[in-house]
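Asks: There's a structure below that I have some questions on.
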Amino acid sequence: MSENFEKTFSLEDLKNWQRSGRNFAVVGDPVAHSLSPKMQNSAFEFAKKTRPELASAKYFKFQIAPEKLGNALEIFYKKGFEGLNLTLPHKIAALPFLKKISKNAEIIGAANTLFRDEICGGFCGENTDGNGFKFAAENALKRKIAGTPILLLGAGGAARAIAVAALQSNCEALFIKNRSREKAEILAKNLRKNFPSAKIEIVPEADFYCEKSEFFVPENSLVVNATSLGLKISDASPFPKNLLKSDFAVFDATYGNHVPALVADAISKKIPAADGREMLAWQGALAFEIWTRVPAENVFPTMFAAISK
Ligand code: NDP
């Protein structure tokens, strides 16, 4: 059986899977671009120096079509896979196939990390994206989420996880701005149900860009980009540079081989800023901790280095 973690495996490969040793994987569609194998295998290499029981552990990537996900999860379980990460489009779709989900994954409405439960006879789901954001923002920006006003750009999957982590961490207030207002309203409604005493507001598009706007981005805000704008080098910033103030901090969940425009704008104004590699590495380190009990902070530096090369 192949040890090649650069290869993208298929459902057929999974059906024929015979590798002995401890198996882990990321499952997506598409998945070829995923940095998770590089990151998780570097963590296994690092951790096995002090944890010999991890010597045979390897992390692979599987491309599985959405309609085959339920069947694939059963096979992953039967083949003895110990842990899985889910990426687009499976994070939400997987929930009905899981034996249990954590409270955190339930509120977010998505799971990105699965672990085996022998008693239940299947996989259970957790979501480490939200706490990945919290650890990343607090460590990289040296700013506590508690007591900080958050301006969240976006209302998709990443925004959901970030919003829940921010509210769980007692952010001062959460302002949501999204291209389609309807999706922002759905997100806000769900959040208000789970966090009834929190201050959650939607920023109307018109107010946001208007000079005489009644909407005022509060002092010491953390501006978080959870839109897809920033993925491509040609993408404009989702936040006007002239509204970035010197007491703000910026966190951009997107990551790639370039500096996203929002981060570049913040740096040019000497505002603390970080991109999504920090979050990617922290969510991966938190998943690694769930599977191996190796503390996330011990493997984070190795994982971050692996994706920053
Ligand atoms: P979704 O598809 O669920 O959501 C995309 C969001 O981006 C929506 O709010 C959408 O607005 C908005 N959007 C898309 N295109 C535009 C545009 N041209 N202008 C303004 N807004 C736009 O994606 P995810 O939430 O899963 O991912 C969002 C980003 O976060 C991606 O770049 C992804 O790579 C990154 N991410 C990073 C992680 C990390 O660990 N660093 C983890 C997960 C995601 P609308 O509702 O109007 O369509």
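Simple scheme: letters A, B, ... for chains in structure tokens order, numbers from 1 for residues in each chain, numbers from 1 for ligands in the order shown.
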Check which residues fall inside 7 Å of ligand 1 when counting only C-alpha atoms and all ligand atoms, and print them as number ranges by chain.
Replies: A: 88, 129, 132, 154-159, 178-180, 183, 226-231, 238, 253-255, 276-280, 283
Asks: Just to be explicit: take each residue in the selection above, keep N, CA, C and O atoms, and write the result as a short mmCIF file (atom, residue, chain, number, x, y, z; two decimals), in the first residue's frame.
Replies:
data_model
loop_
_atom_site.label_atom_id
_atom_site.label_comp_id
_atom_site.auth_asym_id
_atom_site.auth_seq_id
_atom_site.Cartn_x
_atom_site.Cartn_y
_atom_site.Cartn_z
N LEU A 88 -14.15 21.32 2.35
CA LEU A 88 -15.28 21.55 1.46
C LEU A 88 -15.47 20.40 0.49
O LEU A 88 -14.49 19.88 -0.01
N ASP A 129 -12.10 24.63 13.80
CA ASP A 129 -11.86 25.87 13.05
C ASP A 129 -12.00 27.11 13.94
O ASP A 129 -11.19 28.04 13.86
N GLY A 132 -9.29 27.31 16.34
CA GLY A 132 -8.10 27.58 15.53
C GLY A 132 -7.97 29.07 15.28
O GLY A 132 -6.89 29.66 15.41
N GLY A 154 -18.12 38.32 6.02
CA GLY A 154 -18.44 36.99 5.52
C GLY A 154 -19.50 36.32 6.39
O GLY A 154 -19.67 36.69 7.56
N ALA A 155 -20.21 35.36 5.80
CA ALA A 155 -21.25 34.64 6.55
C ALA A 155 -21.30 33.17 6.12
O ALA A 155 -22.32 32.51 6.27
N GLY A 156 -20.20 32.67 5.57
CA GLY A 156 -20.14 31.27 5.13
C GLY A 156 -19.65 30.37 6.26
O GLY A 156 -19.76 30.71 7.45
N GLY A 157 -19.09 29.23 5.89
CA GLY A 157 -18.67 28.23 6.87
C GLY A 157 -17.60 28.74 7.83
O GLY A 157 -17.72 28.56 9.05
N ALA A 158 -16.57 29.39 7.29
CA ALA A 158 -15.49 29.88 8.16
C ALA A 158 -16.02 30.96 9.09
O ALA A 158 -15.70 30.98 10.28
N ALA A 159 -16.88 31.83 8.56
CA ALA A 159 -17.44 32.91 9.37
C ALA A 159 -18.25 32.35 10.54
O ALA A 159 -18.19 32.86 11.66
N ASN A 178 -21.79 41.04 5.27
CA ASN A 178 -21.67 40.04 4.20
C ASN A 178 -22.22 40.58 2.90
O ASN A 178 -23.09 41.46 2.90
N ARG A 179 -21.67 40.07 1.79
CA ARG A 179 -22.14 40.51 0.48
C ARG A 179 -23.66 40.32 0.38
O ARG A 179 -24.39 41.24 0.08
N SER A 180 -24.14 39.11 0.65
CA SER A 180 -25.59 38.93 0.61
C SER A 180 -26.12 39.06 2.04
O SER A 180 -25.76 38.31 2.93
N LYS A 183 -27.86 36.05 3.94
CA LYS A 183 -27.04 35.04 4.64
C LYS A 183 -26.54 35.58 5.98
O LYS A 183 -26.43 34.84 6.95
N ALA A 226 -13.52 36.65 6.63
CA ALA A 226 -13.88 35.25 6.42
C ALA A 226 -14.64 35.12 5.11
O ALA A 226 -15.45 34.22 4.94
N THR A 227 -14.38 36.05 4.18
CA THR A 227 -14.91 35.88 2.83
C THR A 227 -13.85 35.14 2.00
O THR A 227 -12.73 34.94 2.46
N SER A 228 -14.21 34.79 0.77
CA SER A 228 -13.22 34.14 -0.11
C SER A 228 -12.31 35.17 -0.77
O SER A 228 -11.38 34.79 -1.48
N LEU A 229 -12.60 36.45 -0.55
CA LEU A 229 -11.77 37.51 -1.16
C LEU A 229 -10.41 37.56 -0.46
O LEU A 229 -10.35 37.86 0.73
N GLY A 230 -9.37 37.28 -1.22
CA GLY A 230 -8.03 37.21 -0.61
C GLY A 230 -7.34 35.92 -1.02
O GLY A 230 -6.13 35.79 -0.94
N LEU A 231 -8.17 34.97 -1.49
CA LEU A 231 -7.62 33.68 -1.94
C LEU A 231 -6.71 33.88 -3.15
O LEU A 231 -5.65 33.27 -3.27
N PRO A 238 -11.45 43.12 1.15
CA PRO A 238 -12.89 43.21 1.44
C PRO A 238 -13.22 44.38 2.38
O PRO A 238 -14.38 44.58 2.73
N ALA A 253 -8.64 35.15 7.23
CA ALA A 253 -8.66 33.67 7.24
C ALA A 253 -8.14 33.07 5.95
O ALA A 253 -7.82 31.88 5.89
N THR A 254 -8.02 33.86 4.88
CA THR A 254 -7.53 33.30 3.63
C THR A 254 -6.02 33.07 3.71
O THR A 254 -5.34 33.71 4.52
N TYR A 255 -5.54 32.17 2.89
CA TYR A 255 -4.10 31.92 2.87
C TYR A 255 -3.69 31.43 1.48
O TYR A 255 -4.51 30.87 0.75
N GLY A 276 -4.39 33.50 7.18
CA GLY A 276 -5.04 32.26 7.58
C GLY A 276 -4.12 31.07 7.85
O GLY A 276 -4.59 30.04 8.32
N ARG A 277 -2.82 31.22 7.56
CA ARG A 277 -1.93 30.08 7.84
C ARG A 277 -1.88 29.76 9.32
O ARG A 277 -1.80 28.61 9.72
N GLU A 278 -1.95 30.79 10.14
CA GLU A 278 -1.94 30.59 11.60
C GLU A 278 -3.16 29.76 12.02
O GLU A 278 -3.06 28.83 12.81
N MET A 279 -4.31 30.14 11.46
CA MET A 279 -5.56 29.43 11.81
C MET A 279 -5.53 27.99 11.30
O MET A 279 -5.93 27.06 12.00
N LEU A 280 -5.02 27.85 10.07
CA LEU A 280 -4.92 26.51 9.48
C LEU A 280 -4.06 25.61 10.37
O LEU A 280 -4.42 24.46 10.67
N GLN A 283 -5.94 24.94 13.79
CA GLN A 283 -7.04 23.97 13.72
C GLN A 283 -6.49 22.57 13.51
O GLN A 283 -7.02 21.60 14.04
#
Asks: Tell me, as a ChimeraX atom specification, which residues lie within 12 Å of Gln168 of chain A, counting only C-alpha atoms; anything in the same chain fewer than 6 positions away does not count.
Replies: /A:103-104,107-108,130-131,134,145-147,161-162,174,191,194-198
Asks: Running DSSP on the backbone, which parts of segment 89-175 of chain A land in alpha helix (DSSP H), as a PyMOL selection string?
Replies: chain A and resi 90-93+103-108+129-141+157-168
Asks: Suppose you want the space between atom CA of Asp247 of chain A and atom CA of Asn220 of chain A; what is it in Å?
Replies: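 Taking atom CA of Asp247 of chain A and atom CA of Asn220 of chain A, their separation equals 5.0 Å.
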Asks: Tell me which protein, DNA and RNA residues are within 9 Å of segment 40-57 of chain A, counting only C-alpha atoms, leaving out same-chain ones fewer than 5 positions away, and put them as a ChimeraX atom specification.
Replies: /A:5,20-24,35,284-285,288,292,294,298-300,302-303,306
Asks: Name the residues in contact with segment 26-29 of chain A at a cut-off of 6 Å, using only C-alpha atoms, excluding same-chain residues fewer than 3 positions from it; report them as a list of chain:residue names.
Replies: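 Answer for this query is A:Lys61, A:Phe62, A:Gln63, A:Ile64, A:Ala65, A:Leu84, A:Asn85, A:Leu86, A:Thr87, A:Leu88.
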Asks: Emit the selected residues as a tab-separated table (two decimals), in the first residue's frame, including N, CA and C atoms.
Replies:
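Final output, out.tsv:
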chain	number	residue	atom	x	y	z
A	61	LYS	N	-4.69	11.93	1.70
A	61	LYS	CA	-5.84	12.74	1.24
A	61	LYS	C	-6.71	11.93	0.28
A	62	PHE	N	-8.02	12.07	0.46
A	62	PHE	CA	-9.00	11.32	-0.34
A	62	PHE	C	-10.00	12.27	-0.97
A	63	GLN	N	-10.17	12.12	-2.26
A	63	GLN	CA	-11.22	12.87	-2.95
A	63	GLN	C	-12.47	12.01	-3.01
A	64	ILE	N	-13.52	12.46	-2.32
A	64	ILE	CA	-14.77	11.69	-2.24
A	64	ILE	C	-15.91	12.62	-2.65
A	65	ALA	N	-16.73	12.16	-3.60
A	65	ALA	CA	-17.86	12.98	-4.07
A	65	ALA	C	-18.90	13.08	-2.95
A	84	LEU	N	-10.09	11.74	10.92
A	84	LEU	CA	-10.27	12.36	9.60
A	84	LEU	C	-10.47	13.86	9.78
A	85	ASN	N	-10.01	14.60	8.80
A	85	ASN	CA	-10.40	16.01	8.66
A	85	ASN	C	-11.33	16.09	7.48
A	86	LEU	N	-12.33	16.97	7.59
A	86	LEU	CA	-13.25	17.20	6.47
A	86	LEU	C	-13.02	18.61	5.96
A	87	THR	N	-12.99	18.72	4.63
A	87	THR	CA	-12.92	20.05	4.04
A	87	THR	C	-14.07	20.17	3.04
A	88	LEU	N	-14.15	21.32	2.35
A	88	LEU	CA	-15.28	21.55	1.46
A	88	LEU	C	-15.47	20.40	0.49
Asks: Any idea what the distance is between atom CA of Ala296 of chain A and atom CA of Trp282 of chain A?
Replies: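 Calculated distance between atom CA of Ala296 of chain A and atom CA of Trp282 of chain A is 7.3 Å.
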Asks: So how far away is atom CA of Ala94 of chain A from atom CA of Arg181 of chain A, in Å?
Replies: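 Computed distance, atom CA of Arg181 of chain A to atom CA of Ala94 of chain A, equals 26.5 Å.
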Asks: What are the DSSP strand (DSSP E) residues of segment 62-305 of chain A, as a ChimeraX atom specification?
Replies: /A:62-63,83-86,100-101,113-117,122-126,149-153,173-177,200-202,222-225,249-252,273-274
Asks: Can you tell me which residues surround Glu67 of chain A at a distance of at most 12 Å, considering only C-alpha atoms, apart from same-chain residues fewer than 5 positions away, and format the answer as JSON, numbers by chain?
Replies: {"A": [11, 28, 29, 72, 73, 89, 90, 93, 94, 97]}
Asks: Hey, can you spit out that residue selection with all heavy atoms as a JSON list (two decimals), in the first residue's frame?
Replies:
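Output below, filename out10.json:
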[["chain", "number", "residue", "atom", "x", "y", "z"],
["A", 11, "LEU", "N", -12.23, 6.73, -3.82],
["A", 11, "LEU", "CA", -13.08, 5.79, -3.08],
["A", 11, "LEU", "C", -12.66, 4.35, -3.39],
["A", 11, "LEU", "O", -12.66, 3.49, -2.50],
["A", 11, "LEU", "CB", -14.56, 6.02, -3.46],
["A", 11, "LEU", "CG", -15.59, 5.17, -2.72],
["A", 11, "LEU", "CD1", -15.52, 5.36, -1.21],
["A", 11, "LEU", "CD2", -17.00, 5.50, -3.21],
["A", 28, "GLY", "N", -12.11, 15.55, 1.00],
["A", 28, "GLY", "CA", -12.71, 16.72, 0.37],
["A", 28, "GLY", "C", -13.03, 16.44, -1.08],
["A", 28, "GLY", "O", -12.80, 15.34, -1.59],
["A", 29, "ASP", "N", -13.55, 17.45, -1.75],
["A", 29, "ASP", "CA", -13.85, 17.32, -3.18],
["A", 29, "ASP", "C", -13.95, 18.72, -3.80],
["A", 29, "ASP", "O", -15.01, 19.34, -3.72],
["A", 29, "ASP", "CB", -15.16, 16.56, -3.37],
["A", 29, "ASP", "CG", -15.45, 16.29, -4.84],
["A", 29, "ASP", "OD1", -14.50, 16.32, -5.65],
["A", 29, "ASP", "OD2", -16.63, 16.05, -5.18],
["A", 72, "ALA", "N", -18.43, 6.28, 2.25],
["A", 72, "ALA", "CA", -16.98, 6.39, 2.47],
["A", 72, "ALA", "C", -16.66, 6.41, 3.96],
["A", 72, "ALA", "O", -15.71, 5.74, 4.41],
["A", 72, "ALA", "CB", -16.44, 7.65, 1.80],
["A", 73, "LEU", "N", -17.45, 7.12, 4.76],
["A", 73, "LEU", "CA", -17.17, 7.19, 6.20],
["A", 73, "LEU", "C", -17.28, 5.80, 6.84],
["A", 73, "LEU", "O", -16.49, 5.43, 7.72],
["A", 73, "LEU", "CB", -18.10, 8.18, 6.90],
["A", 73, "LEU", "CG", -17.83, 9.66, 6.57],
["A", 73, "LEU", "CD1", -18.83, 10.56, 7.27],
["A", 73, "LEU", "CD2", -16.41, 10.07, 6.93],
["A", 89, "PRO", "N", -16.68, 19.96, 0.22],
["A", 89, "PRO", "CA", -17.96, 20.48, 0.71],
["A", 89, "PRO", "C", -18.55, 19.62, 1.83],
["A", 89, "PRO", "O", -19.77, 19.61, 2.02],
["A", 89, "PRO", "CB", -18.84, 20.38, -0.53],
["A", 89, "PRO", "CG", -18.35, 19.11, -1.19],
["A", 89, "PRO", "CD", -16.89, 18.97, -0.85],
["A", 90, "HIS", "N", -17.70, 18.92, 2.60],
["A", 90, "HIS", "CA", -18.23, 17.88, 3.49],
["A", 90, "HIS", "C", -18.49, 18.30, 4.94],
["A", 90, "HIS", "O", -19.09, 17.54, 5.70],
["A", 90, "HIS", "CB", -17.26, 16.69, 3.52],
["A", 90, "HIS", "CG", -17.05, 16.06, 2.18],
["A", 90, "HIS", "ND1", -18.06, 15.87, 1.27],
["A", 90, "HIS", "CD2", -15.93, 15.57, 1.59],
["A", 90, "HIS", "CE1", -17.57, 15.28, 0.19],
["A", 90, "HIS", "NE2", -16.28, 15.10, 0.35],
["A", 93, "ALA", "N", -22.30, 18.54, 5.42],
["A", 93, "ALA", "CA", -23.00, 17.35, 4.91],
["A", 93, "ALA", "C", -22.71, 16.10, 5.73],
["A", 93, "ALA", "O", -23.50, 15.15, 5.73],
["A", 93, "ALA", "CB", -22.60, 17.12, 3.45],
["A", 94, "ALA", "N", -21.58, 16.08, 6.44],
["A", 94, "ALA", "CA", -21.19, 14.87, 7.18],
["A", 94, "ALA", "C", -22.03, 14.65, 8.44],
["A", 94, "ALA", "O", -22.13, 13.52, 8.93],
["A", 94, "ALA", "CB", -19.71, 14.96, 7.57],
["A", 97, "PHE", "N", -24.18, 11.60, 9.26],
["A", 97, "PHE", "CA", -23.51, 10.29, 9.25],
["A", 97, "PHE", "C", -22.68, 10.05, 10.51],
["A", 97, "PHE", "O", -22.05, 9.00, 10.63],
["A", 97, "PHE", "CB", -22.59, 10.18, 8.02],
["A", 97, "PHE", "CG", -23.30, 10.42, 6.72],
["A", 97, "PHE", "CD1", -22.99, 11.50, 5.93],
["A", 97, "PHE", "CD2", -24.32, 9.55, 6.31],
["A", 97, "PHE", "CE1", -23.65, 11.74, 4.74],
["A", 97, "PHE", "CE2", -24.99, 9.78, 5.12],
["A", 97, "PHE", "CZ", -24.67, 10.87, 4.34]]
